[in-house]
$ cat upload.cif   # mmCIF, C-alpha atoms and all ligand atoms
data_protein
#
loop_
_atom_site.label_atom_id
_atom_site.label_comp_id
_atom_site.auth_asym_id
_atom_site.auth_seq_id
_atom_site.Cartn_x
_atom_site.Cartn_y
_atom_site.Cartn_z
CA MET A 1 12.60 -19.34 16.25
CA LYS A 2 13.34 -18.21 12.68
CA ALA A 3 11.02 -17.72 9.68
CA THR A 4 11.04 -16.05 6.25
CA ALA A 5 8.02 -14.59 4.42
CA LEU A 6 7.39 -12.87 1.10
CA ALA A 7 4.74 -10.20 0.46
CA HIS A 8 3.70 -8.00 -2.47
CA PRO A 9 3.04 -4.25 -2.36
CA ASN A 10 -0.48 -2.97 -2.99
CA ILE A 11 -1.96 0.02 -4.76
CA ALA A 12 -5.09 1.62 -3.30
CA LEU A 13 -8.03 2.26 -5.62
CA VAL A 14 -9.88 3.94 -2.75
CA LYS A 15 -7.09 5.61 -0.77
CA TYR A 16 -6.29 5.78 2.92
CA TRP A 17 -5.41 9.38 3.76
CA GLY A 18 -5.55 10.45 7.40
CA LYS A 19 -5.40 8.88 10.85
CA ARG A 20 -7.78 9.20 13.76
CA ASP A 21 -5.08 7.68 16.02
CA GLU A 22 -1.43 8.36 15.15
CA ALA A 23 0.11 5.86 17.58
CA LEU A 24 -2.08 2.87 16.71
CA ILE A 25 -2.35 3.89 13.02
CA LEU A 26 -6.14 3.92 12.85
CA PRO A 27 -7.62 5.54 9.73
CA HIS A 28 -10.49 7.98 9.44
CA GLN A 29 -11.97 5.96 6.59
CA SER A 30 -11.93 2.53 4.99
CA SER A 31 -9.88 1.88 1.84
CA LEU A 32 -9.58 -0.74 -0.89
CA SER A 33 -6.53 -1.97 -2.78
CA LEU A 34 -5.13 -4.44 -5.25
CA THR A 35 -2.00 -6.49 -4.46
CA LEU A 36 0.69 -6.24 -7.14
CA SER A 37 2.82 -9.05 -8.54
CA PRO A 38 5.67 -9.65 -9.41
CA LEU A 39 7.06 -6.94 -7.07
CA SER A 40 7.85 -8.34 -3.62
CA VAL A 41 9.71 -7.95 -0.34
CA THR A 42 11.24 -10.89 1.57
CA THR A 43 11.70 -10.63 5.33
CA THR A 44 13.39 -12.98 7.81
CA VAL A 45 12.81 -12.78 11.57
CA GLU A 46 14.84 -14.70 14.13
CA PHE A 47 14.22 -14.55 17.87
CA GLY A 48 16.74 -15.51 20.56
CA VAL A 49 19.78 -13.71 19.11
CA SER A 50 22.23 -11.67 21.20
CA SER A 51 20.74 -8.19 20.54
CA ASP A 52 18.00 -6.53 18.48
CA GLN A 53 19.11 -5.95 14.87
CA VAL A 54 17.10 -4.40 12.03
CA GLU A 55 18.44 -4.53 8.47
CA LEU A 56 16.57 -3.00 5.51
CA ASN A 57 17.92 -3.51 1.99
CA GLY A 58 21.46 -4.11 3.21
CA HIS A 59 21.55 -1.17 5.64
CA THR A 60 21.16 -1.05 9.41
CA ALA A 61 17.88 0.78 10.07
CA LYS A 62 17.93 3.76 12.42
CA GLY A 63 15.51 6.16 14.05
CA SER A 64 11.78 5.83 13.47
CA GLU A 65 12.16 2.98 10.93
CA ARG A 66 13.98 0.86 13.52
CA GLU A 67 11.51 1.85 16.23
CA ARG A 68 8.53 0.78 14.14
CA VAL A 69 10.03 -2.66 13.49
CA LEU A 70 11.02 -3.17 17.13
CA ARG A 71 7.54 -2.17 18.28
CA ALA A 72 5.98 -4.78 15.97
CA LEU A 73 8.37 -7.46 17.24
CA GLU A 74 7.55 -6.50 20.84
CA THR A 75 3.84 -7.02 20.14
CA VAL A 76 4.59 -10.53 18.85
CA ARG A 77 6.74 -11.31 21.90
CA ALA A 78 3.93 -10.23 24.21
CA GLU A 79 1.38 -12.40 22.37
CA ALA A 80 3.74 -15.38 22.47
CA GLY A 81 4.27 -15.14 26.22
CA GLY A 82 7.32 -12.87 26.29
CA LYS A 83 10.27 -15.30 26.45
CA LEU A 84 11.64 -15.09 22.92
CA GLY A 85 14.60 -12.79 23.56
CA PRO A 86 16.08 -10.19 21.19
CA ALA A 87 15.34 -10.46 17.47
CA ARG A 88 17.15 -10.01 14.18
CA MET A 89 15.09 -8.84 11.20
CA VAL A 90 16.45 -8.73 7.66
CA SER A 91 14.24 -7.35 4.89
CA ARG A 92 15.00 -6.95 1.20
CA GLY A 93 12.80 -5.69 -1.64
CA ASP A 94 13.19 -6.99 -5.17
CA PHE A 95 12.08 -3.63 -6.56
CA PRO A 96 13.96 -0.36 -6.44
CA ALA A 97 12.64 2.67 -4.59
CA SER A 98 12.35 4.14 -8.09
CA ALA A 99 9.35 1.85 -8.67
CA GLY A 100 7.47 4.66 -6.96
CA LEU A 101 5.64 2.22 -4.72
CA ALA A 102 6.28 2.16 -0.99
CA SER A 103 8.16 -1.02 -0.12
CA SER A 104 7.11 -0.48 3.50
CA ALA A 105 3.64 -1.93 2.86
CA ALA A 106 5.04 -5.22 1.55
CA GLY A 107 7.86 -5.10 4.14
CA PHE A 108 5.59 -4.85 7.18
CA ALA A 109 3.19 -7.47 5.79
CA ALA A 110 6.11 -9.91 5.32
CA LEU A 111 7.43 -8.97 8.76
CA ALA A 112 4.07 -9.69 10.40
CA VAL A 113 3.75 -13.13 8.78
CA ALA A 114 7.41 -14.08 9.43
CA ALA A 115 7.50 -12.78 13.03
CA ARG A 116 4.32 -14.62 14.03
CA ALA A 117 5.65 -17.88 12.53
CA ALA A 118 9.08 -17.43 14.16
CA ALA A 119 7.33 -16.94 17.51
CA GLY A 120 5.34 -20.14 17.03
CA LEU A 121 2.00 -18.32 16.71
CA PRO A 122 -0.63 -19.83 14.38
CA ALA A 123 -1.16 -18.47 10.84
CA ASP A 124 -3.92 -15.87 11.22
CA PRO A 125 -4.48 -13.28 8.44
CA LYS A 126 -6.51 -11.00 10.71
CA ALA A 127 -3.87 -10.93 13.48
CA ALA A 128 -1.11 -10.47 10.87
CA SER A 129 -3.05 -7.62 9.26
CA VAL A 130 -3.49 -5.82 12.62
CA LEU A 131 0.23 -6.28 13.31
CA ALA A 132 1.27 -5.04 9.83
CA ARG A 133 -1.00 -1.99 10.28
CA ARG A 134 0.94 -0.97 13.39
CA GLY A 135 4.05 -0.66 11.18
CA SER A 136 2.47 1.17 8.24
CA GLY A 137 -1.26 1.56 7.65
CA SER A 138 -1.29 0.44 4.02
CA ALA A 139 0.69 -2.71 5.01
CA CYS A 140 -2.43 -4.29 6.51
CA ARG A 141 -3.74 -4.64 2.91
CA SER A 142 -0.67 -6.66 1.76
CA VAL A 143 -1.17 -9.69 4.04
CA GLN A 144 -3.67 -11.17 1.62
CA GLY A 145 -3.70 -11.13 -2.17
CA GLY A 146 -6.18 -9.83 -4.72
CA PHE A 147 -8.54 -7.03 -3.66
CA CYS A 148 -8.43 -6.18 0.04
CA GLU A 149 -10.65 -3.85 2.03
CA TRP A 150 -9.23 -2.17 5.12
CA ARG A 151 -12.22 -1.54 7.38
CA ARG A 152 -11.63 1.52 9.48
CA GLY A 153 -13.16 -0.07 12.58
CA GLU A 154 -14.77 1.67 15.52
CA ARG A 155 -12.83 0.50 18.57
CA ALA A 156 -10.31 2.74 20.30
CA ASP A 157 -7.80 -0.13 20.63
CA GLY A 158 -7.82 -0.85 16.86
CA ALA A 159 -8.73 -4.54 17.23
CA ASP A 160 -11.41 -4.17 14.51
CA SER A 161 -9.24 -2.15 12.08
CA TYR A 162 -7.70 -4.64 9.63
CA ALA A 163 -7.93 -5.69 5.99
CA VAL A 164 -10.11 -8.47 4.65
CA GLN A 165 -9.81 -10.02 1.22
CA ARG A 166 -12.88 -9.30 -0.93
CA PHE A 167 -11.72 -11.11 -4.09
CA ASP A 168 -8.61 -13.20 -4.57
CA GLU A 169 -6.03 -12.69 -7.34
CA LYS A 170 -7.78 -15.18 -9.64
CA HIS A 171 -11.04 -13.20 -9.70
CA TRP A 172 -9.94 -10.78 -12.45
CA PRO A 173 -6.75 -12.15 -14.04
CA GLU A 174 -6.93 -9.85 -17.11
CA LEU A 175 -6.62 -6.70 -14.99
CA ARG A 176 -3.27 -4.90 -15.36
CA MET A 177 -1.57 -2.15 -13.36
CA VAL A 178 1.20 -0.32 -15.19
CA VAL A 179 3.46 1.72 -12.90
CA ALA A 180 4.74 4.78 -14.79
CA ILE A 181 7.92 6.21 -13.24
CA LEU A 182 8.04 9.84 -14.32
CA ASN A 183 10.36 11.00 -11.58
CA ARG A 184 12.76 9.01 -9.40
CA ASP A 185 13.45 11.69 -6.78
CA GLU A 186 12.53 11.02 -3.20
CA LYS A 187 9.25 12.81 -2.45
CA GLU A 188 9.49 15.97 -0.39
CA VAL A 189 6.72 15.15 2.07
CA LYS A 190 6.25 11.55 3.18
CA SER A 191 2.70 10.13 3.21
CA ARG A 192 2.76 9.98 7.01
CA ASP A 193 3.49 13.70 7.33
CA GLY A 194 1.37 14.74 4.35
CA MET A 195 -1.77 13.04 5.62
CA LYS A 196 -1.35 14.50 9.11
CA HIS A 197 -0.89 17.98 7.67
CA THR A 198 -4.01 17.45 5.55
CA VAL A 199 -6.13 16.25 8.49
CA ASP A 200 -4.92 19.18 10.60
CA THR A 201 -5.35 22.00 8.08
CA SER A 202 -7.52 21.08 5.07
CA PRO A 203 -11.11 22.38 5.20
CA TYR A 204 -12.01 19.62 2.69
CA TYR A 205 -10.89 16.80 4.95
CA GLU A 206 -14.23 15.80 6.45
CA ALA A 207 -15.87 15.65 3.04
CA TRP A 208 -12.99 13.50 1.75
CA ALA A 209 -13.32 10.96 4.58
CA ARG A 210 -17.10 10.71 4.18
CA ASP A 211 -16.86 10.31 0.41
CA ALA A 212 -14.10 7.67 0.49
CA GLU A 213 -16.10 5.59 2.97
CA VAL A 214 -19.09 5.31 0.63
CA GLU A 215 -16.88 4.64 -2.41
CA VAL A 216 -15.55 1.36 -0.93
CA PRO A 217 -18.81 -0.64 -1.28
CA ARG A 218 -19.27 0.87 -4.77
CA ALA A 219 -15.80 -0.34 -5.73
CA VAL A 220 -16.55 -3.82 -4.40
CA GLU A 221 -19.71 -4.03 -6.50
CA ILE A 222 -17.82 -2.86 -9.62
CA ILE A 223 -15.01 -5.38 -9.05
CA GLN A 224 -17.61 -8.11 -8.56
CA ARG A 225 -18.89 -7.52 -12.11
CA LYS A 226 -15.37 -6.79 -13.49
CA ASP A 227 -16.35 -3.49 -15.09
CA LEU A 228 -13.03 -1.88 -16.08
CA GLU A 229 -14.51 1.43 -17.20
CA ALA A 230 -16.44 1.89 -13.94
CA LEU A 231 -13.41 0.92 -11.85
CA GLY A 232 -11.20 3.28 -13.85
CA GLU A 233 -13.61 6.17 -13.30
CA LEU A 234 -13.93 5.42 -9.60
CA SER A 235 -10.13 5.16 -9.14
CA GLU A 236 -9.52 8.43 -10.94
CA ARG A 237 -12.11 10.40 -9.01
CA ASN A 238 -10.87 8.98 -5.70
CA ALA A 239 -7.27 9.94 -6.55
CA TRP A 240 -8.37 13.44 -7.61
CA ARG A 241 -10.30 13.89 -4.37
CA MET A 242 -7.42 12.71 -2.18
CA HIS A 243 -5.09 15.15 -3.95
CA ALA A 244 -7.74 17.91 -3.72
CA THR A 245 -7.77 17.61 0.10
CA ALA A 246 -3.98 17.94 0.05
CA PHE A 247 -4.08 20.96 -2.33
CA ALA A 248 -6.45 22.62 0.16
CA ALA A 249 -4.11 22.11 3.14
CA ASN A 250 -2.34 25.14 4.60
CA PRO A 251 0.33 25.51 3.31
CA PRO A 252 -0.84 23.53 0.26
CA LEU A 253 0.57 20.14 -0.57
CA CYS A 254 1.06 19.20 -4.20
CA TYR A 255 2.51 15.79 -5.11
CA MET A 256 1.96 16.14 -8.85
CA HIS A 257 4.62 17.23 -11.32
CA PRO A 258 3.90 18.92 -14.65
CA ASN A 259 4.41 15.63 -16.50
CA THR A 260 1.99 13.87 -14.12
CA LEU A 261 -0.75 16.17 -15.45
CA GLY A 262 0.58 15.72 -18.97
CA LEU A 263 0.16 11.96 -18.72
CA ILE A 264 -3.30 12.27 -17.16
CA GLN A 265 -4.40 14.55 -20.02
CA HIS A 266 -2.97 12.12 -22.55
CA LEU A 267 -4.97 9.25 -21.00
CA ARG A 268 -8.19 11.20 -21.62
CA GLU A 269 -7.30 11.59 -25.28
CA GLN A 270 -6.42 7.93 -25.59
CA ARG A 271 -9.75 6.91 -24.08
CA LYS A 272 -11.54 8.96 -26.73
CA LYS A 273 -9.69 6.80 -29.27
CA GLY A 274 -10.96 3.65 -27.58
CA ILE A 275 -7.93 2.69 -25.46
CA PRO A 276 -9.26 1.61 -22.04
CA VAL A 277 -6.73 3.15 -19.66
CA TRP A 278 -7.22 5.07 -16.40
CA PHE A 279 -4.94 6.13 -13.54
CA THR A 280 -4.56 6.24 -9.81
CA LEU A 281 -1.95 8.34 -7.97
CA ASP A 282 -0.46 7.93 -4.48
CA ALA A 283 1.40 10.66 -2.61
CA GLY A 284 3.96 11.18 -5.35
CA PRO A 285 4.26 12.15 -9.02
CA ASN A 286 4.16 8.64 -10.56
CA PRO A 287 0.75 7.41 -11.74
CA VAL A 288 -0.27 3.77 -11.86
CA LEU A 289 -2.31 3.02 -14.98
CA LEU A 290 -5.27 0.65 -14.91
CA THR A 291 -5.95 -1.33 -18.02
CA ASP A 292 -6.44 -4.91 -19.26
CA ALA A 293 -4.06 -7.53 -20.65
CA ALA A 294 -4.92 -6.62 -24.25
CA HIS A 295 -3.83 -3.00 -23.72
CA GLU A 296 -0.88 -3.20 -21.30
CA VAL A 297 1.67 -2.78 -24.11
CA ALA A 298 -0.20 0.31 -25.38
CA ALA A 299 -0.38 1.65 -21.81
CA GLU A 300 3.38 1.23 -21.40
CA ALA A 301 4.01 2.97 -24.73
CA LEU A 302 1.86 5.96 -23.84
CA ALA A 303 3.54 6.26 -20.42
CA ARG A 304 6.93 6.33 -22.15
CA ALA A 305 5.67 8.85 -24.71
CA CYS A 306 4.76 11.10 -21.76
CA GLY A 307 8.26 10.92 -20.27
CA ALA A 308 8.26 7.76 -18.13
CA VAL A 309 11.88 6.78 -17.42
CA ASP A 310 10.82 3.35 -16.27
CA VAL A 311 7.64 1.26 -16.45
CA VAL A 312 6.65 -1.80 -14.38
CA ARG A 313 3.79 -3.96 -15.62
CA CYS A 314 1.94 -5.75 -12.81
CA VAL A 315 -0.77 -8.39 -12.45
CA PRO A 316 -2.96 -9.12 -9.40
CA GLY A 317 -0.73 -10.65 -6.70
CA GLY A 318 -1.34 -13.36 -4.11
CA ASP A 319 -1.13 -13.69 -0.32
CA ALA A 320 1.95 -13.02 1.77
CA THR A 321 3.51 -16.48 2.13
CA LEU A 322 5.91 -18.24 4.43
CA LYS A 323 8.95 -19.38 2.49
CA SER A 324 10.65 -21.29 5.26
CA GLU A 325 10.51 -21.98 8.99
CA HIS A 326 13.71 -23.09 10.66
C1 LIG B 1 -1.32 7.65 -0.50
O1 LIG B 1 0.54 3.50 4.70
O2 LIG B 1 2.55 4.78 3.85
O3 LIG B 1 -0.37 5.46 -0.43
O4 LIG B 1 0.34 4.55 7.82
O5 LIG B 1 1.75 6.57 7.98
O6 LIG B 1 2.78 4.41 7.27
P1 LIG B 1 1.53 5.28 7.28
O7 LIG B 1 1.22 5.69 5.79
P2 LIG B 1 1.19 4.82 4.44
O8 LIG B 1 0.23 5.75 3.56
C2 LIG B 1 -0.26 5.36 2.31
C3 LIG B 1 -0.98 6.49 1.66
C4 LIG B 1 -1.32 6.29 0.20
C5 LIG B 1 -2.73 5.72 0.03
C6 LIG B 1 -2.94 4.25 0.33
O9 LIG B 1 -2.03 3.43 0.15
O10 LIG B 1 -4.08 3.93 0.68
#
$ encode --input "upload.cif" --output "structure tokens"
Amino acid sequence: MKATALAHPNIALVKYWGKRDEALILPHQSSLSLTLSPLSVTTTVEFGVSSDQVELNGHTAKGSERERVLRALETVRAEAGGKLGPARMVSRGDFPASAGLASSAAGFAALAVAARAAAGLPADPKAASVLARRGSGSACRSVQGGFCEWRRGERADGADSYAVQRFDEKHWPELRMVVAILNRDEKEVKSRDGMKHTVDTSPYYEAWARDAEVEVPRAVEIIQRKDLEALGELSERNAWRMHATAFAANPPLCYMHPNTLGLIQHLREQRKKGIPVWFTLDAGPNPVLLTDAAHEVAAEALARACGAVDVVRCVPGGDATLKSEH
């Protein structure tokens, strides 16, 4: 009736940006990500308690956060036959919000794995990925480690919209992701709202969705042959194009800060000097640098030289795992 699971966040190299179904969280296009270690979130789920309780990082969750968790737990109850009773969920991230990475992706992946185990359901990465997706889209890519592809799917009920692992975390162990925290402020427009606004008002949206879809198989082929330069170029152009659709929204949406552009410009200069370092950028001002093990120290130094107040060096992470079942 009680289980604990740990999951890592992920960073998309081909981004998810825009839903075709808001309630089920179904994307317009496929996306591809890398799971990041050592950052993680640990979540415990216990069924059969006196009333539903949702605790996130030491605080009682309210509003839409609480609703999202309770909805996921309700799905598990229904699959398990419905007699599990109220649930208590406690989730804690080992990385601060200032890491610039959404802890919700790792949180919902850990929740999906823990809740299914607590309900006595069999381990099933596909079912866990579908469940995690209902909490937060990008969470479906944190159920498994390494490089995961979230296939958009075609069905209206979302049963074919989940992430599959394309390469595990051992495929490319020299790859490094260096998170550069330029600004710790909470972003003004959350991803959920920003992508909806973009879908609704950006004239570039259709082109974005079409382009991202065809970039996924290209990324897979590049990762297969471990070509850092090609992956860096693909990640950068995909990030630029996602942000371009947001710039073109009405009113425009800009997640970059002046020092974000400063760092991006500096990366170009460094590459001319032979330092292999590229970036990707989610819906916020803090870039994640892509490099290899031989250059991660140089990448950290250049992020700090461009104003990073904190830097987190990451390696490819593994699957979400059960820590204990009680
Ligand atoms: C820019 O998964 O946080 O990080 O599905 O509404 O919860 P919801 O959104 P979320 O959006 C992530 C957007 C992104 C790109 C990505 O991770 O693919």
$ residues_near_ligand --input "upload.cif" --ligand "ligand LIG 1 (chain B)" --cutoff "10 Å" --atoms "only C-alpha atoms and all ligand atoms" --output "ChimeraX atom specification"
/A:9-19,22-27,30-33,68,101-105,108,132-141,150,190-196,239,242-243,280-284
$ residues_near_point --input "upload.cif" --point "(7.0, 9.6, -23.7)" --cutoff "12 Å" --atoms "all atoms listed in the file" --output "PyMOL selection string"
chain A and resi 180-182+259-260+262-263+266+298-311
$ atom_distance --input "upload.cif" --atom1 "atom CA of Arg151 of chain A" --atom2 "atom CA of Gly317 of chain A"
20.3 Å
$ residues_around --input "upload.cif" --residues "Ala115 of chain A" --least-positions-apart "6" --cutoff "7 Å" --atoms "only C-alpha atoms" --output "JSON, numbers by chain"
{"A": [3, 45, 73, 76]}
$ atom_distance --input "upload.cif" --atom1 "atom CA of Leu121 of chain A" --atom2 "atom CA of Ala163 of chain A"
19.3 Å
$ atom_distance --input "upload.cif" --atom1 "atom CA of Lys170 of chain A" --atom2 "atom CA of Leu36 of chain A"
12.6 Å
$ closest_residue --input "upload.cif" --among "A:Tyr255, A:Ala207, A:Ala128, A:Asp200" --to "Lys187 of chain A" --atoms "only C-alpha atoms"
A:Tyr255
$ closest_residue --input "upload.cif" --among "A:Gly120, A:Ala248, A:Thr43, A:Ser51" --to "Gly107 of chain A" --atoms "all atoms listed in the file"
A:Thr43
$ closest_residue --input "upload.cif" --among "A:Gly232, A:Asn238, A:Ala156, A:Pro258" --to "Ala212 of chain A" --atoms "only C-alpha atoms"
A:Asn238
$ closest_residue --input "upload.cif" --among "A:Leu39, A:Ala118, A:Leu34, A:Ala7" --to "Phe95 of chain A" --atoms "all atoms listed in the file"
A:Leu39
$ closest_residue --input "upload.cif" --among "A:Ala114, A:Leu231, A:Val277, A:Val189" --to "Cys254 of chain A" --atoms "only C-alpha atoms"
A:Val189
$ build_atoms --input "upload.cif" --residues "segment 45-76 of chain A" --atoms "N, CA and C atoms" --output "PDB file, in the frame of the given file"
ATOM      1  N   VAL A  45      12.790 -13.158  10.147  1.00  0.00           N
ATOM      2  CA  VAL A  45      12.810 -12.780  11.570  1.00  0.00           C
ATOM      3  C   VAL A  45      13.347 -13.954  12.364  1.00  0.00           C
ATOM      4  N   GLU A  46      14.306 -13.661  13.254  1.00  0.00           N
ATOM      5  CA  GLU A  46      14.840 -14.700  14.130  1.00  0.00           C
ATOM      6  C   GLU A  46      14.853 -14.192  15.566  1.00  0.00           C
ATOM      7  N   PHE A  47      14.204 -14.917  16.437  1.00  0.00           N
ATOM      8  CA  PHE A  47      14.220 -14.550  17.870  1.00  0.00           C
ATOM      9  C   PHE A  47      15.337 -15.320  18.570  1.00  0.00           C
ATOM     10  N   GLY A  48      15.750 -14.803  19.743  1.00  0.00           N
ATOM     11  CA  GLY A  48      16.740 -15.510  20.560  1.00  0.00           C
ATOM     12  C   GLY A  48      18.176 -15.220  20.158  1.00  0.00           C
ATOM     13  N   VAL A  49      18.411 -14.106  19.469  1.00  0.00           N
ATOM     14  CA  VAL A  49      19.780 -13.710  19.110  1.00  0.00           C
ATOM     15  C   VAL A  49      20.341 -12.827  20.244  1.00  0.00           C
ATOM     16  N   SER A  50      21.592 -12.366  20.081  1.00  0.00           N
ATOM     17  CA  SER A  50      22.230 -11.670  21.200  1.00  0.00           C
ATOM     18  C   SER A  50      21.675 -10.259  21.447  1.00  0.00           C
ATOM     19  N   SER A  51      21.317  -9.540  20.355  1.00  0.00           N
ATOM     20  CA  SER A  51      20.740  -8.190  20.540  1.00  0.00           C
ATOM     21  C   SER A  51      19.817  -7.885  19.368  1.00  0.00           C
ATOM     22  N   ASP A  52      18.924  -6.890  19.556  1.00  0.00           N
ATOM     23  CA  ASP A  52      18.000  -6.530  18.480  1.00  0.00           C
ATOM     24  C   ASP A  52      18.756  -5.946  17.290  1.00  0.00           C
ATOM     25  N   GLN A  53      18.466  -6.455  16.083  1.00  0.00           N
ATOM     26  CA  GLN A  53      19.110  -5.950  14.870  1.00  0.00           C
ATOM     27  C   GLN A  53      18.055  -5.796  13.782  1.00  0.00           C
ATOM     28  N   VAL A  54      18.077  -4.660  13.084  1.00  0.00           N
ATOM     29  CA  VAL A  54      17.100  -4.400  12.030  1.00  0.00           C
ATOM     30  C   VAL A  54      17.836  -3.994  10.765  1.00  0.00           C
ATOM     31  N   GLU A  55      17.716  -4.817   9.725  1.00  0.00           N
ATOM     32  CA  GLU A  55      18.440  -4.530   8.470  1.00  0.00           C
ATOM     33  C   GLU A  55      17.452  -4.412   7.316  1.00  0.00           C
ATOM     34  N   LEU A  56      17.478  -3.245   6.641  1.00  0.00           N
ATOM     35  CA  LEU A  56      16.570  -3.000   5.510  1.00  0.00           C
ATOM     36  C   LEU A  56      17.395  -2.788   4.248  1.00  0.00           C
ATOM     37  N   ASN A  57      17.208  -3.618   3.265  1.00  0.00           N
ATOM     38  CA  ASN A  57      17.920  -3.510   1.990  1.00  0.00           C
ATOM     39  C   ASN A  57      19.431  -3.317   2.168  1.00  0.00           C
ATOM     40  N   GLY A  58      20.011  -4.134   3.037  1.00  0.00           N
ATOM     41  CA  GLY A  58      21.460  -4.110   3.210  1.00  0.00           C
ATOM     42  C   GLY A  58      21.987  -3.046   4.151  1.00  0.00           C
ATOM     43  N   HIS A  59      21.097  -2.217   4.729  1.00  0.00           N
ATOM     44  CA  HIS A  59      21.550  -1.170   5.640  1.00  0.00           C
ATOM     45  C   HIS A  59      20.945  -1.374   7.031  1.00  0.00           C
ATOM     46  N   THR A  60      21.693  -0.997   8.051  1.00  0.00           N
ATOM     47  CA  THR A  60      21.160  -1.050   9.410  1.00  0.00           C
ATOM     48  C   THR A  60      20.154   0.091   9.569  1.00  0.00           C
ATOM     49  N   ALA A  61      18.918  -0.260   9.927  1.00  0.00           N
ATOM     50  CA  ALA A  61      17.880   0.780  10.070  1.00  0.00           C
ATOM     51  C   ALA A  61      18.096   1.582  11.340  1.00  0.00           C
ATOM     52  N   LYS A  62      17.765   2.871  11.249  1.00  0.00           N
ATOM     53  CA  LYS A  62      17.930   3.760  12.420  1.00  0.00           C
ATOM     54  C   LYS A  62      16.636   4.537  12.646  1.00  0.00           C
ATOM     55  N   GLY A  63      16.594   5.224  13.779  1.00  0.00           N
ATOM     56  CA  GLY A  63      15.510   6.160  14.050  1.00  0.00           C
ATOM     57  C   GLY A  63      14.132   5.525  14.021  1.00  0.00           C
ATOM     58  N   SER A  64      13.178   6.254  13.389  1.00  0.00           N
ATOM     59  CA  SER A  64      11.780   5.830  13.470  1.00  0.00           C
ATOM     60  C   SER A  64      11.540   4.508  12.717  1.00  0.00           C
ATOM     61  N   GLU A  65      12.329   4.253  11.659  1.00  0.00           N
ATOM     62  CA  GLU A  65      12.160   2.980  10.930  1.00  0.00           C
ATOM     63  C   GLU A  65      12.448   1.804  11.870  1.00  0.00           C
ATOM     64  N   ARG A  66      13.572   1.907  12.580  1.00  0.00           N
ATOM     65  CA  ARG A  66      13.980   0.860  13.520  1.00  0.00           C
ATOM     66  C   ARG A  66      12.939   0.730  14.647  1.00  0.00           C
ATOM     67  N   GLU A  67      12.488   1.870  15.139  1.00  0.00           N
ATOM     68  CA  GLU A  67      11.510   1.850  16.230  1.00  0.00           C
ATOM     69  C   GLU A  67      10.226   1.131  15.827  1.00  0.00           C
ATOM     70  N   ARG A  68       9.772   1.406  14.606  1.00  0.00           N
ATOM     71  CA  ARG A  68       8.530   0.780  14.140  1.00  0.00           C
ATOM     72  C   ARG A  68       8.648  -0.737  14.082  1.00  0.00           C
ATOM     73  N   VAL A  69       9.808  -1.210  13.587  1.00  0.00           N
ATOM     74  CA  VAL A  69      10.030  -2.660  13.490  1.00  0.00           C
ATOM     75  C   VAL A  69      10.104  -3.266  14.890  1.00  0.00           C
ATOM     76  N   LEU A  70      10.855  -2.620  15.783  1.00  0.00           N
ATOM     77  CA  LEU A  70      11.020  -3.170  17.130  1.00  0.00           C
ATOM     78  C   LEU A  70       9.696  -3.211  17.886  1.00  0.00           C
ATOM     79  N   ARG A  71       8.863  -2.198  17.632  1.00  0.00           N
ATOM     80  CA  ARG A  71       7.540  -2.170  18.280  1.00  0.00           C
ATOM     81  C   ARG A  71       6.693  -3.365  17.815  1.00  0.00           C
ATOM     82  N   ALA A  72       6.747  -3.647  16.507  1.00  0.00           N
ATOM     83  CA  ALA A  72       5.980  -4.780  15.970  1.00  0.00           C
ATOM     84  C   ALA A  72       6.489  -6.090  16.573  1.00  0.00           C
ATOM     85  N   LEU A  73       7.809  -6.228  16.690  1.00  0.00           N
ATOM     86  CA  LEU A  73       8.370  -7.460  17.240  1.00  0.00           C
ATOM     87  C   LEU A  73       8.006  -7.607  18.725  1.00  0.00           C
ATOM     88  N   GLU A  74       7.924  -6.481  19.419  1.00  0.00           N
ATOM     89  CA  GLU A  74       7.550  -6.500  20.840  1.00  0.00           C
ATOM     90  C   GLU A  74       6.109  -6.995  21.009  1.00  0.00           C
ATOM     91  N   THR A  75       5.237  -6.572  20.086  1.00  0.00           N
ATOM     92  CA  THR A  75       3.840  -7.020  20.140  1.00  0.00           C
ATOM     93  C   THR A  75       3.763  -8.541  19.994  1.00  0.00           C
ATOM     94  N   VAL A  76       4.587  -9.077  19.082  1.00  0.00           N
ATOM     95  CA  VAL A  76       4.590 -10.530  18.850  1.00  0.00           C
ATOM     96  C   VAL A  76       5.113 -11.257  20.093  1.00  0.00           C
TER      97      VAL A  76
END
